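Coordinates as given in coords_17.txt (compact mmCIF, C-alpha atoms):
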```txt
# COMPACT_ATOMS: atom_id res chain seq x y z
CA MET A 194 -21.54 -27.47 -12.94
CA ARG A 195 -21.16 -30.49 -15.23
CA ASP A 196 -20.35 -28.33 -18.23
CA ILE A 197 -17.63 -26.51 -16.23
CA LEU A 198 -16.04 -29.80 -15.19
CA ALA A 199 -16.29 -31.09 -18.76
CA MET A 200 -14.54 -27.97 -20.01
CA ALA A 201 -11.81 -28.42 -17.39
CA ARG A 202 -11.27 -32.06 -18.38
CA ALA A 203 -11.13 -31.09 -22.05
CA GLN A 204 -8.57 -28.37 -21.37
CA LEU A 205 -6.34 -30.76 -19.43
CA ALA A 206 -6.75 -33.55 -21.98
CA VAL A 207 -5.82 -31.32 -24.92
CA THR A 208 -2.71 -30.09 -23.13
CA LEU A 209 -1.50 -33.59 -22.31
CA ARG A 210 -2.46 -35.05 -25.68
CA GLU A 211 -0.73 -32.56 -27.98
CA ARG A 212 2.99 -33.24 -28.14
CA ILE A 213 4.15 -29.64 -28.52
CA THR A 214 1.91 -28.39 -25.72
CA PHE A 215 2.90 -31.29 -23.48
CA PHE A 216 6.59 -30.59 -24.06
CA TRP A 217 6.50 -26.88 -23.23
CA PHE A 218 4.11 -27.09 -20.29
CA LEU A 219 5.36 -30.23 -18.55
CA ALA A 220 8.42 -31.85 -20.14
CA PHE A 221 10.44 -28.63 -20.61
CA PRO A 222 10.35 -27.50 -16.93
CA ILE A 223 11.48 -30.98 -15.88
CA LEU A 224 14.23 -31.05 -18.52
CA LEU A 225 15.44 -27.59 -17.46
CA LEU A 226 15.56 -28.63 -13.82
CA VAL A 227 17.61 -31.70 -14.71
CA LEU A 228 20.09 -29.79 -16.89
CA LEU A 229 20.69 -26.91 -14.48
CA SER A 230 20.87 -29.23 -11.47
CA LEU A 231 23.47 -31.42 -13.19
CA ILE A 232 25.53 -28.44 -14.36
CA PHE A 233 25.50 -26.67 -10.98
CA ALA A 234 24.98 -29.74 -8.80
CA ASN A 235 27.89 -28.97 -6.43
CA VAL A 236 27.25 -25.28 -5.88
CA GLY A 237 26.58 -24.70 -2.20
CA LYS A 238 27.18 -28.25 -0.97
CA THR A 239 29.60 -28.53 1.91
CA GLY A 240 32.24 -31.16 1.25
CA ASP A 241 31.68 -31.07 -2.52
CA LEU A 242 32.67 -27.56 -3.50
CA SER A 243 34.29 -24.59 -1.81
CA PHE A 244 34.28 -20.99 -2.90
CA GLU A 245 37.62 -19.66 -4.06
CA VAL A 246 38.25 -16.47 -2.05
CA SER A 247 41.25 -14.14 -1.94
CA VAL A 248 41.71 -11.71 0.98
CA VAL A 249 44.02 -8.68 1.10
CA ASN A 250 44.41 -6.60 4.27
CA LEU A 251 45.64 -3.09 3.41
CA ASP A 252 44.79 -1.65 6.83
CA ALA A 253 47.70 -0.75 9.12
CA GLY A 254 45.48 -0.16 12.15
CA VAL A 255 45.29 2.68 14.65
CA GLY A 256 47.71 2.31 17.56
CA SER A 257 46.99 -1.07 19.13
CA ALA A 258 43.63 -1.36 17.36
CA ARG A 259 44.04 -3.45 14.23
CA HIS A 260 40.50 -4.35 13.35
CA GLY A 261 41.48 -5.18 9.79
CA GLU A 262 43.50 -8.09 11.16
CA HIS A 263 40.45 -9.29 13.11
CA VAL A 264 38.38 -9.36 9.94
CA ALA A 265 41.17 -11.13 8.03
CA ALA A 266 41.56 -13.70 10.81
CA ALA A 267 37.83 -14.40 10.81
CA LEU A 268 37.89 -14.91 7.03
CA ARG A 269 40.93 -17.16 7.38
CA ALA A 270 38.94 -19.31 9.82
CA LEU A 271 36.37 -19.93 7.08
CA GLY A 272 39.07 -21.78 5.20
CA SER A 273 39.87 -24.10 8.10
CA ALA A 274 38.82 -27.76 7.88
CA THR A 275 35.61 -28.66 9.69
CA ALA A 276 35.53 -30.95 12.71
CA SER A 277 34.23 -33.81 10.56
CA GLY A 278 37.08 -33.38 8.09
CA GLU A 279 34.88 -32.06 5.27
CA THR A 280 36.10 -29.45 2.83
CA PRO A 281 35.61 -25.96 4.35
CA PRO A 282 33.13 -23.56 2.72
CA PHE A 283 35.93 -21.22 1.56
CA GLN A 284 39.36 -21.82 0.07
CA VAL A 285 41.03 -18.61 1.27
CA ARG A 286 44.22 -17.11 -0.20
CA PHE A 287 46.36 -14.40 1.40
CA PRO A 288 49.55 -12.68 0.19
CA GLU A 289 52.57 -14.79 1.12
CA GLY A 290 55.23 -13.36 3.43
CA ASP A 291 56.47 -9.95 2.27
CA ALA A 292 54.63 -10.04 -1.04
CA ASP A 293 53.33 -6.71 -2.29
CA ALA A 294 49.68 -6.52 -1.21
CA GLU A 295 48.64 -4.16 -4.02
CA ALA A 296 50.20 -6.38 -6.67
CA PHE A 297 48.58 -9.45 -5.10
CA LEU A 298 45.20 -7.68 -5.17
CA ALA A 299 45.57 -6.75 -8.84
CA ALA A 300 46.59 -10.30 -9.78
CA GLU A 301 43.68 -11.83 -7.88
CA ILE A 302 41.19 -9.47 -9.56
CA GLU A 303 42.50 -10.64 -12.93
CA ALA A 304 42.07 -14.24 -11.79
CA LEU A 305 38.50 -13.35 -10.76
CA LYS A 306 37.75 -12.04 -14.26
CA VAL A 307 38.67 -15.35 -15.88
CA GLY A 308 36.74 -17.46 -13.37
CA LYS A 309 39.62 -18.72 -11.21
CA ARG A 310 38.26 -16.96 -8.11
CA ASP A 311 34.72 -16.47 -6.85
CA ILE A 312 35.27 -13.27 -4.88
CA VAL A 313 38.22 -11.06 -3.90
CA VAL A 314 38.01 -9.25 -0.55
CA ALA A 315 40.00 -6.10 0.14
CA ILE A 316 40.19 -4.55 3.64
CA PRO A 317 41.08 -0.98 2.64
CA GLU A 318 43.62 1.32 4.21
CA GLY A 319 42.10 3.30 7.08
CA PHE A 320 39.52 0.61 7.88
CA SER A 321 40.31 0.60 11.64
CA GLU A 322 40.27 4.39 11.82
CA SER A 323 36.92 4.63 10.03
CA LEU A 324 35.48 1.97 12.32
CA MET A 325 36.68 3.76 15.47
CA LEU A 326 35.36 7.15 14.31
CA ALA A 327 31.98 5.72 13.31
CA ALA A 328 31.70 3.80 16.60
CA GLY A 329 32.49 6.93 18.56
CA GLY A 330 29.85 8.96 16.72
CA ALA A 331 32.34 11.48 15.33
CA PRO A 332 30.64 14.15 13.14
CA GLY A 333 30.95 13.36 9.44
CA ALA A 334 32.44 9.93 10.10
CA VAL A 335 32.31 7.59 7.10
CA PRO A 336 31.24 4.00 7.89
CA ALA A 337 33.99 1.43 7.58
CA ARG A 338 33.69 -0.72 4.48
CA VAL A 339 35.09 -4.00 3.28
CA ILE A 340 35.41 -4.02 -0.51
CA VAL A 341 34.21 -7.22 -2.19
CA HIS A 342 35.05 -7.77 -5.85
CA THR A 343 32.64 -10.15 -7.59
CA SER A 344 32.19 -11.60 -11.02
CA GLY A 345 28.74 -10.48 -12.12
CA GLY A 346 26.43 -13.16 -13.47
CA ARG A 347 28.25 -16.13 -11.93
CA THR A 348 26.12 -18.04 -9.44
CA SER A 349 29.04 -19.08 -7.26
CA SER A 350 30.25 -15.47 -7.03
CA GLU A 351 26.83 -14.20 -6.01
CA MET A 352 26.37 -16.94 -3.42
CA ALA A 353 29.85 -16.41 -1.97
CA ARG A 354 29.16 -12.70 -1.68
CA GLY A 355 25.90 -13.37 0.18
CA ILE A 356 27.70 -15.60 2.68
CA LEU A 357 30.53 -13.12 3.12
CA GLU A 358 28.18 -10.19 3.79
CA GLN A 359 26.60 -12.11 6.65
CA VAL A 360 30.02 -13.01 8.04
CA VAL A 361 31.20 -9.39 7.89
CA ALA A 362 27.98 -8.21 9.56
CA ARG A 363 28.60 -10.63 12.43
CA ILE A 364 32.24 -9.49 12.74
CA ASP A 365 31.10 -5.86 12.81
CA ARG A 366 28.68 -6.66 15.62
CA GLU A 367 31.36 -8.42 17.66
CA ILE A 368 33.86 -5.56 17.25
CA LEU A 369 31.30 -2.92 18.24
CA THR A 370 30.22 -5.04 21.20
CA GLN A 371 33.82 -5.19 22.42
CA LEU A 372 34.03 -1.40 22.07
CA GLY A 373 30.79 -1.00 24.01
CA GLN A 374 29.17 0.80 21.07
CA PHE A 375 26.79 -1.82 19.72
CA ASP A 376 23.10 -0.94 19.91
CA GLU A 377 20.74 -3.86 19.21
CA GLY A 378 17.99 -1.45 18.21
CA ARG A 379 20.13 0.09 15.47
CA ALA A 380 21.51 -3.12 14.02
CA VAL A 381 21.21 -3.30 10.23
CA ALA A 382 20.09 -6.60 8.75
CA VAL A 383 21.81 -7.92 5.64
CA ALA A 384 19.13 -8.58 3.04
CA ARG A 385 20.91 -11.10 0.83
CA ILE A 386 20.52 -14.75 -0.15
CA ASP A 387 20.63 -16.81 3.01
CA ALA A 388 23.48 -19.28 3.23
CA GLY A 389 21.08 -21.73 4.87
CA ALA A 390 19.59 -22.73 8.17
CA ALA A 391 21.77 -23.70 11.11
CA ASP A 392 21.51 -27.41 10.36
CA ARG A 393 22.14 -27.38 6.62
CA THR A 394 23.61 -25.48 3.69
CA VAL A 395 21.34 -24.32 0.88
CA ALA A 396 22.41 -25.97 -2.36
CA TYR A 397 21.76 -24.51 -5.79
CA VAL A 398 18.99 -27.05 -6.40
CA ASP A 399 17.12 -25.62 -3.37
CA PHE A 400 17.37 -22.19 -5.00
CA LEU A 401 16.45 -23.59 -8.43
CA VAL A 402 13.33 -25.69 -7.71
CA PRO A 403 11.04 -22.74 -6.73
CA GLY A 404 12.27 -20.86 -9.81
CA VAL A 405 11.52 -23.73 -12.19
CA ILE A 406 8.09 -24.20 -10.61
CA LEU A 407 7.30 -20.52 -11.19
CA MET A 408 8.68 -20.77 -14.72
CA GLY A 409 6.25 -23.61 -15.47
CA LEU A 410 3.33 -21.59 -14.10
CA PHE A 411 4.49 -18.54 -16.03
CA THR A 412 4.79 -20.23 -19.41
CA ALA A 413 1.48 -22.04 -18.90
CA GLY A 414 -0.35 -18.78 -18.27
CA LEU A 415 1.54 -16.82 -20.90
CA PHE A 416 0.98 -19.23 -23.78
CA SER A 417 -2.06 -21.31 -22.85
CA VAL A 418 -4.54 -18.45 -22.43
CA PRO A 419 -3.77 -16.49 -25.64
CA GLY A 420 -3.42 -19.72 -27.61
CA THR A 421 -6.79 -21.12 -26.50
CA ILE A 422 -8.72 -17.87 -26.94
CA LEU A 423 -7.10 -16.42 -30.07
CA PHE A 424 -6.82 -19.62 -32.10
CA GLY A 425 -10.26 -20.70 -30.88
CA ARG A 426 -11.63 -17.37 -32.04
CA GLU A 427 -9.90 -17.55 -35.43
CA GLN A 428 -11.07 -21.10 -36.10
CA ARG A 429 -14.59 -20.18 -34.95
CA ILE A 430 -14.47 -22.79 -32.20
CA LEU A 431 -15.60 -20.30 -29.57
CA ARG A 432 -18.57 -19.30 -31.71
CA ARG A 433 -19.89 -22.82 -31.35
CA TYR A 434 -19.80 -22.41 -27.57
CA TRP A 435 -21.83 -19.20 -27.70
CA VAL A 436 -24.74 -20.80 -29.56
CA THR A 437 -25.12 -23.20 -26.64
CA PRO A 438 -26.10 -22.46 -23.02
CA HIS A 439 -22.36 -22.56 -22.26
CA SER A 440 -21.78 -18.84 -21.60
CA ALA A 441 -18.46 -16.98 -21.52
CA PRO A 442 -18.27 -16.91 -17.68
CA ARG A 443 -18.84 -20.68 -17.51
CA PHE A 444 -16.28 -21.20 -20.26
CA LEU A 445 -13.77 -19.17 -18.26
CA ALA A 446 -14.57 -21.09 -15.08
CA GLY A 447 -13.97 -24.43 -16.78
CA PHE A 448 -10.85 -23.20 -18.54
CA THR A 449 -9.44 -21.81 -15.29
CA LEU A 450 -10.19 -25.03 -13.40
CA GLY A 451 -8.38 -27.08 -16.06
CA HIS A 452 -5.49 -24.64 -15.99
CA VAL A 453 -5.20 -24.95 -12.21
CA ALA A 454 -5.12 -28.74 -12.55
CA LEU A 455 -2.34 -28.47 -15.13
CA CYS A 456 -0.34 -26.10 -12.92
CA THR A 457 -0.77 -28.40 -9.94
CA LEU A 458 0.51 -31.33 -11.99
CA GLN A 459 3.51 -29.25 -13.11
CA THR A 460 4.33 -28.23 -9.56
CA VAL A 461 4.09 -31.75 -8.15
CA CYS A 462 6.29 -33.21 -10.93
CA VAL A 463 9.01 -30.55 -10.61
CA TRP A 464 9.01 -30.67 -6.81
CA GLY A 465 9.08 -34.47 -6.79
CA LEU A 466 11.99 -34.61 -9.21
CA GLY A 467 13.94 -32.00 -7.26
CA ARG A 468 13.23 -33.68 -3.95
CA PHE A 469 13.86 -37.33 -4.78
CA ALA A 470 16.35 -37.08 -7.66
CA PHE A 471 18.50 -34.14 -6.51
CA GLY A 472 17.85 -33.96 -2.76
CA ALA A 473 16.16 -30.55 -2.62
CA HIS A 474 14.84 -29.58 0.83
CA ILE A 475 11.71 -27.70 -0.23
CA ASP A 476 8.42 -27.88 1.68
CA LEU A 477 5.67 -26.43 -0.52
CA LEU A 478 2.83 -27.40 1.82
CA GLN A 479 3.39 -24.44 4.11
CA PRO A 480 0.44 -21.98 4.05
CA LEU A 481 2.53 -19.03 2.88
CA ALA A 482 4.14 -21.05 0.08
CA VAL A 483 0.71 -22.27 -1.10
CA ALA A 484 -0.51 -18.66 -1.07
CA TYR A 485 2.39 -17.56 -3.28
CA LEU A 486 1.72 -20.40 -5.72
CA ALA A 487 -1.96 -19.47 -5.89
CA VAL A 488 -1.19 -15.80 -6.49
CA ALA A 489 1.36 -16.81 -9.14
CA MET A 490 -1.23 -18.89 -11.02
CA VAL A 491 -3.72 -16.01 -11.03
CA THR A 492 -1.09 -13.43 -11.95
CA PHE A 493 0.18 -15.35 -14.96
CA LEU A 494 -3.38 -16.16 -16.04
CA ALA A 495 -4.17 -12.44 -15.93
CA ILE A 496 -1.10 -11.61 -18.05
CA GLY A 497 -2.25 -14.25 -20.54
CA PHE A 498 -5.69 -12.62 -20.74
CA LEU A 499 -4.02 -9.24 -21.31
CA ILE A 500 -2.04 -10.65 -24.25
CA ALA A 501 -5.21 -12.20 -25.67
CA ALA A 502 -6.92 -8.81 -25.40
CA LEU A 503 -4.08 -6.89 -27.12
CA ALA A 504 -3.38 -9.33 -29.97
CA ARG A 505 -5.65 -9.57 -32.99
CA THR A 506 -4.53 -13.00 -34.19
CA GLY A 507 -3.20 -16.19 -32.64
CA ASN A 508 0.22 -15.74 -34.23
CA ALA A 509 0.42 -12.17 -32.94
CA GLY A 510 -0.46 -13.41 -29.46
CA MET A 511 2.31 -16.02 -29.55
CA ALA A 512 4.77 -13.37 -30.76
CA ILE A 513 3.88 -11.03 -27.88
CA ALA A 514 4.13 -13.90 -25.40
CA ASN A 515 7.61 -14.80 -26.68
CA VAL A 516 8.77 -11.19 -26.44
CA VAL A 517 7.52 -10.93 -22.85
CA ASN A 518 8.60 -14.41 -21.76
CA MET A 519 12.40 -14.29 -21.63
CA PRO A 520 12.93 -10.80 -20.12
CA LEU A 521 10.46 -11.36 -17.30
CA MET A 522 11.80 -14.86 -16.52
CA PHE A 523 15.49 -13.99 -16.40
CA LEU A 524 15.05 -10.55 -14.80
CA GLY A 525 12.80 -12.19 -12.21
CA GLY A 526 15.71 -14.21 -10.80
CA LEU A 527 14.12 -17.60 -11.46
CA PHE A 528 17.40 -19.36 -12.26
CA PHE A 529 20.19 -17.11 -10.96
CA PRO A 530 20.52 -14.26 -8.43
CA THR A 531 19.90 -10.80 -9.91
CA GLY A 532 22.00 -8.75 -7.48
CA SER A 533 24.35 -7.54 -10.23
CA VAL A 534 21.69 -6.44 -12.75
CA PRO A 535 22.75 -3.23 -14.58
CA PRO A 536 20.86 -0.07 -13.48
CA ALA A 537 19.18 0.21 -16.90
CA LEU A 538 17.47 -3.16 -16.33
CA ARG A 539 16.79 -2.72 -12.63
CA ALA A 540 13.63 -0.71 -13.29
CA VAL A 541 12.23 -3.61 -15.32
CA MET A 542 13.23 -6.03 -12.57
CA LEU A 543 11.49 -3.96 -9.87
CA ALA A 544 8.28 -3.72 -11.93
CA ASN A 545 8.34 -7.42 -12.75
CA PRO A 546 5.80 -9.52 -10.77
CA VAL A 547 8.02 -12.59 -11.22
CA THR A 548 10.72 -10.88 -9.11
CA TYR A 549 8.44 -10.58 -6.10
CA LEU A 550 6.83 -14.00 -6.46
CA ALA A 551 10.26 -15.70 -6.68
CA ASP A 552 11.55 -13.71 -3.71
CA GLY A 553 8.49 -14.46 -1.59
CA LEU A 554 8.26 -18.15 -2.51
CA ARG A 555 11.94 -18.79 -1.75
CA ALA A 556 11.67 -16.95 1.57
CA SER A 557 8.53 -18.91 2.52
CA VAL A 558 10.32 -22.26 2.08
CA GLY A 559 13.49 -21.11 3.86
CA VAL A 560 15.79 -20.91 0.84
CA SER A 561 16.58 -17.21 1.21
CA THR A 562 15.85 -14.12 3.23
CA ALA A 563 13.05 -11.96 1.78
CA THR A 564 14.37 -8.85 0.06
CA TYR A 565 11.10 -7.00 -0.47
CA GLY A 566 8.92 -8.07 2.45
CA VAL A 567 5.70 -10.06 2.48
CA ALA A 568 3.46 -7.05 1.78
CA ALA A 569 5.36 -6.07 -1.39
CA THR A 570 5.63 -9.62 -2.67
CA PHE A 571 1.83 -9.88 -2.63
CA ALA A 572 0.97 -6.26 -3.50
CA VAL A 573 2.88 -6.02 -6.79
CA PRO A 574 1.50 -9.26 -8.33
CA CYS A 575 -2.02 -8.32 -7.16
CA ALA A 576 -1.64 -4.92 -8.84
CA TRP A 577 -0.74 -6.74 -12.05
CA ILE A 578 -3.83 -8.93 -11.67
CA VAL A 579 -6.12 -5.91 -11.29
CA VAL A 580 -4.61 -4.00 -14.22
CA CYS A 581 -4.43 -6.97 -16.59
CA LEU A 582 -7.95 -8.20 -15.89
CA GLY A 583 -9.28 -4.64 -16.07
CA VAL A 584 -7.80 -4.06 -19.53
CA ALA A 585 -8.80 -7.54 -20.71
CA SER A 586 -12.41 -7.04 -19.62
CA LEU A 587 -12.61 -3.89 -21.78
CA ARG A 588 -10.72 -5.06 -24.87
CA LEU A 589 -11.05 -8.83 -25.13
CA LYS A 590 -13.16 -9.99 -28.08
CA TRP A 591 -14.62 -13.47 -27.91
CA ASP A 592 -15.71 -13.77 -31.53
CA VAL A 593 -14.32 -12.71 -34.91
CA GLY A 594 -17.59 -11.00 -35.70
CA ARG A 595 -17.71 -8.90 -32.53
```

Let me see whether you can do it: turn the structure in this file into structure tokens.
Amino acid sequence: MRDILAMARAQLAVTLRERITFFWFLAFPILLLVLLSLIFANVGKTGDLSFEVSVVNLDAGVGSARHGEHVAAALRALGSATASGETPPFQVRFPEGDADAEAFLAAEIEALKVGKRDIVVAIPEGFSESLMLAAGGAPGAVPARVIVHTSGGRTSSEMARGILEQVVARIDREILTQLGQFDEGRAVAVARIDAGAADRTVAYVDFLVPGVILMGLFTAGLFSVPGTILFGREQRILRRYWVTPHSAPRFLAGFTLGHVALCTLQTVCVWGLGRFAFGAHIDLLQPLAVAYLAVAMVTFLAIGFLIAALARTGNAGMAIANVVNMPLMFLGGLFFPTGSVPPALRAVMLANPVTYLADGLRASVGVSTATYGVAATFAVPCAWIVVCLGVASLRLKWDVGR
């Protein structure tokens, strides 16, 4: 046991002693959290920033039923000042007086494209009729829809859309309840980013902290494992281990223990900075959150072992790690929502273990509503663990002469 602990201490000491390693594994996640938090500090904070929303009602109604006006009135209420006098969550714009609604809609969509609006909402013509037919169960009835124009890739646009979808779902429930057609058992849940618990609003830093924590774990596993094994093999450092009683399994146990200590240090530093410097409301001590962090450590370690097994040299391993690093991080939604990912990249996103770990970790700490469910968020990373470790056990070479 002493040799395993000595190996763990050596692994941690080398990481903290080398400037380049220290920067990428500990300083860089903290620096990234600071930069993104400062740039997007006001996103999602009531009283500091409101979403710019334009609403156009093109629905004329059916007889006395003008459900489009009900939706528009509910959206207008989102732009009303709060009881405490704080800035409302939405700054809502409507066409003025007799202004042409179609022209107003076109102008607002152009404003959306250049970043002057966050979302543009259009209540289409025939909305009330579609709602009445669908509520009455008419054959072939098309569900009523509210069209939301967003600016893909912008955090504020994605967050505003998530809030709006929940508002529209609640309006839909109230209208159907008034018509006597609402069935609790058939209600459809909106699986989008949660706007926050009843007593607070989720700020961008709450969304960001779990992502940066996972990024630190990801880069540590992706670069530390191939670097230690491949460069150690090339420089014949590992060969010196094998002529001692320190076997490969004990080497792996010590290396893994040191890696876990490094990851724990990363997590505590990032969480502490987010909590005390930027006011993030993240509780990582919940059992489910700890489980996701543990699975994340093992998953990224396994991917690192796979890279070490596929690469012949240390430089080749670093090249593979760099190629894998950016796509999996950004398509995993670590820093921004991925709801508007193009279809060509969606397959990569759905196969990406980072996607499920980020979704599960954020849901476990109350930042968002889970999109994939607890079973999927554990099953996909575990599948990666099995495949990566299986391939690594067959292909990994511990010595240049083997």

Close residues, A:Ile312 itself excluded, 7 Å, only C-alpha atoms, min 6 positions apart in chain, as a PDB file with C-alpha atoms, in the coordinates of the input:
```pdb
ATOM      1  CA  GLU A 245      37.620 -19.660  -4.060  1.00  0.00           C
ATOM      2  CA  VAL A 246      38.250 -16.470  -2.050  1.00  0.00           C
ATOM      3  CA  SER A 247      41.250 -14.140  -1.940  1.00  0.00           C
ATOM      4  CA  LEU A 305      38.500 -13.350 -10.760  1.00  0.00           C
ATOM      5  CA  VAL A 341      34.210  -7.220  -2.190  1.00  0.00           C
ATOM      6  CA  HIS A 342      35.050  -7.770  -5.850  1.00  0.00           C
ATOM      7  CA  THR A 343      32.640 -10.150  -7.590  1.00  0.00           C
ATOM      8  CA  SER A 350      30.250 -15.470  -7.030  1.00  0.00           C
ATOM      9  CA  ALA A 353      29.850 -16.410  -1.970  1.00  0.00           C
ATOM     10  CA  ARG A 354      29.160 -12.700  -1.680  1.00  0.00           C
TER      11      ARG A 354
END
```

For A:Val361, the nearest of the candidates A:Gly559, A:Pro288, A:Gly497, A:Gly261, counting only C-alpha atoms = A:Gly261

If you measure from atom CA of A:Ser323 to atom CA of A:Arg269, what distance in Å do you get, rounded to one decimal?
->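 Separation between atom CA of A:Ser323 and atom CA of A:Arg269: 22.3 Å.
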
For A:Val313, which of A:Phe469, A:Gly583, A:Glu262, A:Phe244 is the closest residue, counting only C-alpha atoms?
->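 Closest residue, counting only C-alpha atoms: A:Phe244.
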
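Proximity ranking of A:Glu318, A:Glu427, A:Asp293, A:Asp552 relative to A:Leu401 places A:Asp552 first, based on all atoms listed in the file.
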
Surrounding residues of A:Val579 excluding itself and chain neighbours under 6 positions, 10 Å, all atoms listed in the file, as a ChimeraX atom specification = /A:492,495,585

Write out as a list in words the residues lying within 8 Å of A:Gly319, counting all atoms listed in the file and excluding same-chain residues fewer than 3 positions away.
->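 Result of the neighbour search: Asp252, Ala253, Gly254, Glu322 and Ser323 of chain A.
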